[in-house]
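See below for the structure under consideration.
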Amino acid sequence: MLKRTLQNKFKVTLAVVTLGFSLISPVWADEAAEKGLEIAARSDRSDTGFGDSEVTAVMTLTNAAGSTSTREMYFKTLERENEQVGDKSLTVFVTPRDVQGTALLSHAKILEPDDQWLFLPALKRVKRISSANKSGPFVGSEFAFEDFTSTELNKYKYSYKGEEDLDGMKVDVIERFPLYENSGYTRQIAYIDQDVYQVRKIDFYDRKDMLLKTLMLNDYREYDGVWRTHELVMTNHQTNKSTTLSYGTYTFGAGLSDNDFEKGVLKRIR
């Protein structure tokens with residue numbers, strides 16, 4: 001009798017504890033989501049107000065055997081009007097000859113599919129990138145098409161994971177889940193420094209929730225309160241390939257406008 005009574009008390013206690021966790025867990029989840037969004041928003045808003053920018057870059061492709069090839073390119077960016085719309089950007093390859101003149105025009109959206117057009121000079125035509133193909137590789141690199149427009153704050157829901165040390169700096173770790181349709185990623189883990197609030201590392205998980213790629217953002221420099229990384233290294237853990245983007249000096253306030261990011265400019269690029 002005593003044994004049965006103790007068993008019943010244990011079951012009741014376990015049920016109460018379990019119920020308590022079930023009631024508290026959503027609160028924890030809400031707090032983690034709120035803090036994750038707060039940290040992401042602080043990082044995103046730390047560099048607003050630049051207007052427009054231009055920069056040259058060198059892309060280095062490294063295959064699984066360690067062999068490399070390089071491409072020269074330049075980027076133009078027009079800042080978004082507010083957080084409900086995305087930036088506009090233009091990426092143009094200058095060398096080598098086999099990709100010279102290849103250009104990607106992106107109009108980032110939030111939850112709607114981004115508008116992206118790829119100009120292929122060999123075919124002399126502009127190809128619209130469908131929403132189903134944005135997870136594909138960009139011109140043979142380890143960057144996907146969506147990686148060029150996926151920085152918008154409201155493209156994700158967030159969860160705070162805690163603090164860590166990364167290369168000697170304190171970082172906040174947040175998990176972000178793409179809300180936009182046809183993303184090639186189930187989730188991403190972002191590491192944001194607690195000093196100037198810049199993203200230092202991102203782990204990308206594929207549609208099977210396996211670690212696919214890691215992006216390291218190095219060599220940050222400040223331009224009148226605006227921070228920019230000057231080296232991006234994207235490593236594909238499944239293919240052992242990597243792509244490095246090394247940037248030159250940024251120019252801000254170049255006088256760019258919407259007219260510089262119209263679809264028609266792609267065919268006029270030289």
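Chain lettering (A, B, ...) mirrors the order of the structure tokens, residue numbering begins at 1 for each chain separately, and ligand numbering begins at 1 in order of display.
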Could you list, as a ChimeraX atom specification, every residue within 12 Å of region 215-229 of chain A, counting only C-alpha atoms and ignoring same-chain residues fewer than 4 positions away? /A:43-55,57,142-144,147,166-167,188-193,195-205,211,233-237,242-253
Please determine, counting only C-alpha atoms, which residue among A:Leu105, A:Leu37, A:Ile269, A:Ala254 has the shortest atom-to-atom distance to Asp87 (chain A). A:Leu105
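Going from CA of Val171 (chain A) over to CA of Lys35 (chain A), you cover 13.8 Å.
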Using only C-alpha atoms, which of the listed residues (A:Lys241, A:Gly255, A:Glu112, A:Glu34) sits closest to Ser67 (chain A)? A:Lys241
If you count only C-alpha atoms, which residues fall within 7 Å of region 180-184 of chain A, apart from same-chain ones fewer than 6 positions away, as a PyMOL selection string? chain A and resi 111-113+131-132+135+155+206-207
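Secondary structure of region 47-253 of chain A, helix (DSSP H, G or I) only (DSSP, backbone atoms): Ser131, Ala132, Asn133, Phe145, Glu146, Asp147, Phe148, Leu153, Asn154 and Lys155 of chain A.
If you count only C-alpha atoms and ignore residues fewer than 2 places along the chain from Gly162 (chain A), what sits within 8 Å of it is Tyr160, Glu164, Asp172, Val173 and Ile174 of chain A.
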Produce a file of the selected residues containing N, CA and C atoms, as a short mmCIF file (atom, residue, chain, number, x, y, z; two decimals), in the first residue's frame.
data_model
loop_
_atom_site.label_atom_id
_atom_site.label_comp_id
_atom_site.auth_asym_id
_atom_site.auth_seq_id
_atom_site.Cartn_x
_atom_site.Cartn_y
_atom_site.Cartn_z
N TYR A 160 17.68 33.47 -29.99
CA TYR A 160 18.96 33.73 -29.33
C TYR A 160 19.50 32.43 -28.75
N GLU A 164 29.43 33.36 -27.03
CA GLU A 164 30.61 32.53 -27.24
C GLU A 164 31.82 33.41 -27.46
N ASP A 172 27.54 37.35 -29.80
CA ASP A 172 26.20 36.81 -29.58
C ASP A 172 25.90 35.83 -30.70
N VAL A 173 25.31 34.71 -30.34
CA VAL A 173 24.98 33.68 -31.32
C VAL A 173 23.46 33.64 -31.49
N ILE A 174 23.02 33.83 -32.73
CA ILE A 174 21.59 33.77 -33.01
C ILE A 174 21.33 32.76 -34.13
#
Find the spatial neighbours of Val94 (chain A), counting only C-alpha atoms, within a cut-off of 9 Å - ignore same-chain residues fewer than 4 positions away - and output them as a PyMOL selection string. chain A and resi 71-74+99-102+270
Those residues with all heavy atoms, as an mmCIF file, in the first residue's frame please?
data_model
loop_
_atom_site.group_PDB
_atom_site.id
_atom_site.type_symbol
_atom_site.label_atom_id
_atom_site.label_comp_id
_atom_site.auth_asym_id
_atom_site.auth_seq_id
_atom_site.Cartn_x
_atom_site.Cartn_y
_atom_site.Cartn_z
ATOM 1 N N ARG A 71 38.988 35.953 -60.388
ATOM 2 C CA ARG A 71 38.139 36.792 -61.220
ATOM 3 C C ARG A 71 38.080 38.177 -60.605
ATOM 4 O O ARG A 71 37.979 38.308 -59.381
ATOM 5 C CB ARG A 71 36.718 36.212 -61.311
ATOM 6 C CG ARG A 71 36.664 34.812 -61.903
ATOM 7 C CD ARG A 71 35.324 34.164 -61.669
ATOM 8 N NE ARG A 71 35.226 32.861 -62.320
ATOM 9 C CZ ARG A 71 34.166 32.066 -62.276
ATOM 10 N NH1 ARG A 71 33.104 32.438 -61.567
ATOM 11 N NH2 ARG A 71 34.161 30.908 -62.905
ATOM 12 N N GLU A 72 38.120 39.202 -61.454
ATOM 13 C CA GLU A 72 37.969 40.569 -60.975
ATOM 14 C C GLU A 72 36.547 41.027 -61.254
ATOM 15 O O GLU A 72 35.952 40.681 -62.287
ATOM 16 C CB GLU A 72 38.973 41.494 -61.669
ATOM 17 C CG GLU A 72 40.419 41.174 -61.332
ATOM 18 C CD GLU A 72 41.393 42.116 -62.025
ATOM 19 O OE1 GLU A 72 40.941 43.007 -62.780
ATOM 20 O OE2 GLU A 72 42.609 41.964 -61.805
ATOM 21 N N MET A 73 36.010 41.819 -60.342
ATOM 22 C CA MET A 73 34.612 42.230 -60.455
ATOM 23 C C MET A 73 34.393 43.547 -59.710
ATOM 24 O O MET A 73 35.289 44.041 -59.031
ATOM 25 C CB MET A 73 33.709 41.139 -59.865
ATOM 26 C CG MET A 73 34.054 40.799 -58.423
ATOM 27 S SD MET A 73 33.593 39.124 -57.903
ATOM 28 C CE MET A 73 31.840 39.169 -58.134
ATOM 29 N N TYR A 74 33.205 44.103 -59.860
ATOM 30 C CA TYR A 74 32.847 45.260 -59.044
ATOM 31 C C TYR A 74 31.382 45.180 -58.645
ATOM 32 O O TYR A 74 30.579 44.488 -59.278
ATOM 33 C CB TYR A 74 33.153 46.589 -59.754
ATOM 34 C CG TYR A 74 32.369 46.881 -61.016
ATOM 35 C CD1 TYR A 74 31.089 47.434 -60.966
ATOM 36 C CD2 TYR A 74 32.927 46.643 -62.272
ATOM 37 C CE1 TYR A 74 30.385 47.733 -62.124
ATOM 38 C CE2 TYR A 74 32.222 46.931 -63.432
ATOM 39 C CZ TYR A 74 30.953 47.470 -63.352
ATOM 40 O OH TYR A 74 30.256 47.753 -64.505
ATOM 41 N N VAL A 99 34.311 35.151 -68.498
ATOM 42 C CA VAL A 99 33.166 35.654 -67.730
ATOM 43 C C VAL A 99 33.043 37.172 -67.825
ATOM 44 O O VAL A 99 32.174 37.768 -67.196
ATOM 45 C CB VAL A 99 33.256 35.237 -66.250
ATOM 46 C CG1 VAL A 99 33.158 33.727 -66.093
ATOM 47 C CG2 VAL A 99 34.513 35.794 -65.592
ATOM 48 N N GLN A 100 33.906 37.815 -68.601
ATOM 49 C CA GLN A 100 33.889 39.271 -68.723
ATOM 50 C C GLN A 100 32.519 39.763 -69.187
ATOM 51 O O GLN A 100 31.968 39.259 -70.160
ATOM 52 C CB GLN A 100 34.957 39.723 -69.716
ATOM 53 C CG GLN A 100 35.099 41.239 -69.827
ATOM 54 C CD GLN A 100 36.214 41.621 -70.799
ATOM 55 O OE1 GLN A 100 36.684 40.809 -71.580
ATOM 56 N NE2 GLN A 100 36.644 42.874 -70.728
ATOM 57 N N GLY A 101 31.979 40.730 -68.468
ATOM 58 C CA GLY A 101 30.675 41.286 -68.821
ATOM 59 C C GLY A 101 29.497 40.558 -68.208
ATOM 60 O O GLY A 101 28.363 41.045 -68.273
ATOM 61 N N THR A 102 29.731 39.407 -67.601
ATOM 62 C CA THR A 102 28.655 38.713 -66.897
ATOM 63 C C THR A 102 28.205 39.577 -65.725
ATOM 64 O O THR A 102 29.029 40.110 -64.983
ATOM 65 C CB THR A 102 29.127 37.341 -66.377
ATOM 66 O OG1 THR A 102 29.545 36.540 -67.488
ATOM 67 C CG2 THR A 102 28.021 36.625 -65.628
ATOM 68 N N ARG A 270 29.878 47.286 -70.379
ATOM 69 C CA ARG A 270 31.066 47.018 -71.209
ATOM 70 C C ARG A 270 32.226 46.589 -70.301
ATOM 71 O O ARG A 270 32.364 47.057 -69.216
ATOM 72 C CB ARG A 270 31.464 48.264 -72.009
ATOM 73 C CG ARG A 270 30.438 48.657 -73.060
ATOM 74 C CD ARG A 270 30.394 47.619 -74.207
ATOM 75 N NE ARG A 270 29.459 48.027 -75.241
ATOM 76 C CZ ARG A 270 28.173 47.668 -75.264
ATOM 77 N NH1 ARG A 270 27.670 46.923 -74.287
ATOM 78 N NH2 ARG A 270 27.390 48.057 -76.241
#
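Closest approach to Arg128 (chain A) from the set A:Ala103, A:Met210, A:Ile110, A:Leu232 is made by A:Ala103, with distances taken over only C-alpha atoms.
The nearest approach to Gly86 (chain A) among the residues A:Leu256, A:Leu153, A:Leu179, A:Val139, with only C-alpha atoms taken into account, belongs to A:Leu153.
For the pair CA of Lys170 (chain A) and CA of Asp30 (chain A), the separation is 23.8 Å.
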List every residue of region 37-260 of chain A that DSSP, applied to the backbone of this structure, places in strand (DSSP E or B), and write the result as JSON, numbers by chain. {"A": [52, 53, 54, 55, 56, 57, 58, 59, 60, 61, 62, 68, 69, 70, 71, 72, 73, 74, 75, 76, 77, 78, 88, 89, 90, 91, 92, 93, 94, 95, 103, 104, 105, 106, 107, 115, 116, 117, 118, 119, 120, 125, 126, 127, 128, 137, 144, 156, 157, 158, 159, 160, 161, 162, 163, 164, 165, 166, 169, 170, 171, 172, 173, 174, 175, 176, 177, 178, 187, 188, 189, 190, 191, 192, 193, 199, 200, 201, 202, 203, 204, 205, 211, 212, 213, 214, 215, 216, 217, 218, 219, 220, 221, 222, 223, 226, 227, 228, 229, 230, 231, 232, 233, 234, 235, 236, 241, 242, 243, 244, 245, 246, 247, 251, 252]}
Restricting it to C-alpha atoms, dump the selection as an mmCIF file, in the first residue's frame.
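Writing done, so here's result.cif:
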data_model
loop_
_atom_site.group_PDB
_atom_site.id
_atom_site.type_symbol
_atom_site.label_atom_id
_atom_site.label_comp_id
_atom_site.auth_asym_id
_atom_site.auth_seq_id
_atom_site.Cartn_x
_atom_site.Cartn_y
_atom_site.Cartn_z
ATOM 1 C CA ASP A 52 24.912 54.044 -52.079
ATOM 2 C CA SER A 53 28.306 52.434 -52.557
ATOM 3 C CA GLU A 54 30.762 51.146 -55.135
ATOM 4 C CA VAL A 55 33.650 48.738 -54.616
ATOM 5 C CA THR A 56 35.961 46.499 -56.641
ATOM 6 C CA ALA A 57 36.760 42.936 -55.591
ATOM 7 C CA VAL A 58 38.752 39.847 -56.487
ATOM 8 C CA MET A 59 37.003 36.474 -56.341
ATOM 9 C CA THR A 60 39.279 33.472 -55.729
ATOM 10 C CA LEU A 61 37.876 30.002 -56.397
ATOM 11 C CA THR A 62 39.620 27.075 -54.687
ATOM 12 C CA THR A 68 42.829 28.313 -57.537
ATOM 13 C CA SER A 69 41.522 30.676 -60.184
ATOM 14 C CA THR A 70 40.695 34.374 -59.861
ATOM 15 C CA ARG A 71 38.139 36.792 -61.220
ATOM 16 C CA GLU A 72 37.969 40.569 -60.975
ATOM 17 C CA MET A 73 34.612 42.230 -60.455
ATOM 18 C CA TYR A 74 32.847 45.260 -59.044
ATOM 19 C CA PHE A 75 29.723 45.872 -56.986
ATOM 20 C CA LYS A 76 27.265 48.741 -56.888
ATOM 21 C CA THR A 77 24.621 49.029 -54.160
ATOM 22 C CA LEU A 78 21.663 51.350 -53.626
ATOM 23 C CA LYS A 88 19.305 47.032 -55.076
ATOM 24 C CA SER A 89 22.682 45.744 -56.227
ATOM 25 C CA LEU A 90 24.665 45.152 -59.395
ATOM 26 C CA THR A 91 27.574 42.713 -59.673
ATOM 27 C CA VAL A 92 29.742 42.790 -62.822
ATOM 28 C CA PHE A 93 32.701 40.572 -63.777
ATOM 29 C CA VAL A 94 35.639 42.312 -65.458
ATOM 30 C CA THR A 95 38.114 39.421 -65.918
ATOM 31 C CA ALA A 103 26.409 40.670 -64.559
ATOM 32 C CA LEU A 104 23.874 40.000 -61.819
ATOM 33 C CA LEU A 105 21.198 42.584 -61.010
ATOM 34 C CA SER A 106 19.318 42.048 -57.746
ATOM 35 C CA HIS A 107 16.269 43.790 -56.292
ATOM 36 C CA ASP A 115 13.954 39.925 -58.481
ATOM 37 C CA GLN A 116 17.249 38.807 -60.031
ATOM 38 C CA TRP A 117 18.490 38.933 -63.603
ATOM 39 C CA LEU A 118 21.698 37.434 -64.971
ATOM 40 C CA PHE A 119 23.279 38.825 -68.150
ATOM 41 C CA LEU A 120 25.361 36.306 -70.113
ATOM 42 C CA ARG A 125 20.632 37.883 -73.401
ATOM 43 C CA VAL A 126 19.268 38.590 -69.945
ATOM 44 C CA LYS A 127 18.060 35.583 -67.982
ATOM 45 C CA ARG A 128 15.653 35.993 -65.087
ATOM 46 C CA PRO A 137 25.727 28.414 -57.293
ATOM 47 C CA ALA A 144 24.393 31.000 -54.020
ATOM 48 C CA TYR A 156 13.967 35.624 -41.070
ATOM 49 C CA LYS A 157 12.587 34.676 -37.709
ATOM 50 C CA TYR A 158 15.196 34.530 -34.963
ATOM 51 C CA SER A 159 16.225 32.749 -31.780
ATOM 52 C CA TYR A 160 18.958 33.732 -29.328
ATOM 53 C CA LYS A 161 21.379 30.889 -28.558
ATOM 54 C CA GLY A 162 23.814 32.513 -26.125
ATOM 55 C CA GLU A 163 27.330 33.992 -25.998
ATOM 56 C CA GLU A 164 30.606 32.529 -27.244
ATOM 57 C CA ASP A 165 34.231 33.468 -27.819
ATOM 58 C CA LEU A 166 35.216 33.678 -31.481
ATOM 59 C CA MET A 169 36.096 38.400 -29.284
ATOM 60 C CA LYS A 170 32.787 38.039 -27.463
ATOM 61 C CA VAL A 171 29.938 37.290 -29.840
ATOM 62 C CA ASP A 172 26.199 36.813 -29.575
ATOM 63 C CA VAL A 173 24.978 33.675 -31.316
ATOM 64 C CA ILE A 174 21.588 33.770 -33.005
ATOM 65 C CA GLU A 175 19.762 31.204 -35.066
ATOM 66 C CA ARG A 176 17.763 32.520 -37.997
ATOM 67 C CA PHE A 177 15.169 30.683 -40.050
ATOM 68 C CA PRO A 178 14.409 31.872 -43.616
ATOM 69 C CA ARG A 187 18.441 27.634 -40.877
ATOM 70 C CA GLN A 188 21.575 29.678 -40.308
ATOM 71 C CA ILE A 189 23.677 30.310 -37.205
ATOM 72 C CA ALA A 190 25.076 33.850 -37.093
ATOM 73 C CA TYR A 191 27.851 35.084 -34.779
ATOM 74 C CA ILE A 192 27.660 38.842 -34.116
ATOM 75 C CA ASP A 193 30.352 40.691 -32.192
ATOM 76 C CA VAL A 199 28.390 39.578 -38.324
ATOM 77 C CA ARG A 200 31.650 37.621 -38.064
ATOM 78 C CA LYS A 201 30.559 34.118 -39.059
ATOM 79 C CA ILE A 202 27.515 32.319 -40.492
ATOM 80 C CA ASP A 203 26.893 28.577 -40.640
ATOM 81 C CA PHE A 204 24.425 27.519 -43.352
ATOM 82 C CA TYR A 205 22.360 24.325 -43.062
ATOM 83 C CA LEU A 211 25.874 21.785 -42.261
ATOM 84 C CA LEU A 212 26.531 22.930 -45.816
ATOM 85 C CA LYS A 213 28.717 26.034 -45.726
ATOM 86 C CA THR A 214 30.442 28.453 -43.389
ATOM 87 C CA LEU A 215 30.993 32.114 -44.217
ATOM 88 C CA MET A 216 33.759 33.995 -42.395
ATOM 89 C CA LEU A 217 33.669 37.801 -42.543
ATOM 90 C CA ASN A 218 37.122 39.267 -41.895
ATOM 91 C CA ASP A 219 39.049 42.544 -42.017
ATOM 92 C CA TYR A 220 36.314 44.999 -41.043
ATOM 93 C CA ARG A 221 37.037 48.666 -41.673
ATOM 94 C CA GLU A 222 35.083 51.750 -40.680
ATOM 95 C CA TYR A 223 33.980 54.476 -43.106
ATOM 96 C CA VAL A 226 29.758 52.534 -41.553
ATOM 97 C CA TRP A 227 31.516 49.179 -41.188
ATOM 98 C CA ARG A 228 32.386 46.958 -44.127
ATOM 99 C CA THR A 229 34.129 43.596 -44.263
ATOM 100 C CA HIS A 230 36.976 43.391 -46.787
ATOM 101 C CA GLU A 231 37.265 39.620 -46.939
ATOM 102 C CA LEU A 232 34.508 37.031 -47.235
ATOM 103 C CA VAL A 233 35.478 33.353 -47.180
ATOM 104 C CA MET A 234 32.732 30.850 -48.023
ATOM 105 C CA THR A 235 33.731 27.226 -47.352
ATOM 106 C CA ASN A 236 31.579 24.344 -48.578
ATOM 107 C CA LYS A 241 35.620 23.876 -52.143
ATOM 108 C CA SER A 242 35.828 27.522 -51.109
ATOM 109 C CA THR A 243 35.396 31.005 -52.531
ATOM 110 C CA THR A 244 37.098 34.136 -51.213
ATOM 111 C CA LEU A 245 35.961 37.671 -51.986
ATOM 112 C CA SER A 246 38.630 40.308 -51.297
ATOM 113 C CA TYR A 247 37.340 43.876 -51.498
ATOM 114 C CA THR A 251 33.274 54.641 -52.253
ATOM 115 C CA PHE A 252 30.080 56.008 -50.709
#
Please, what distance in Å, to one decimal, runs between CA of Tyr185 (chain A) and CA of Gly136 (chain A)? 11.3 Å
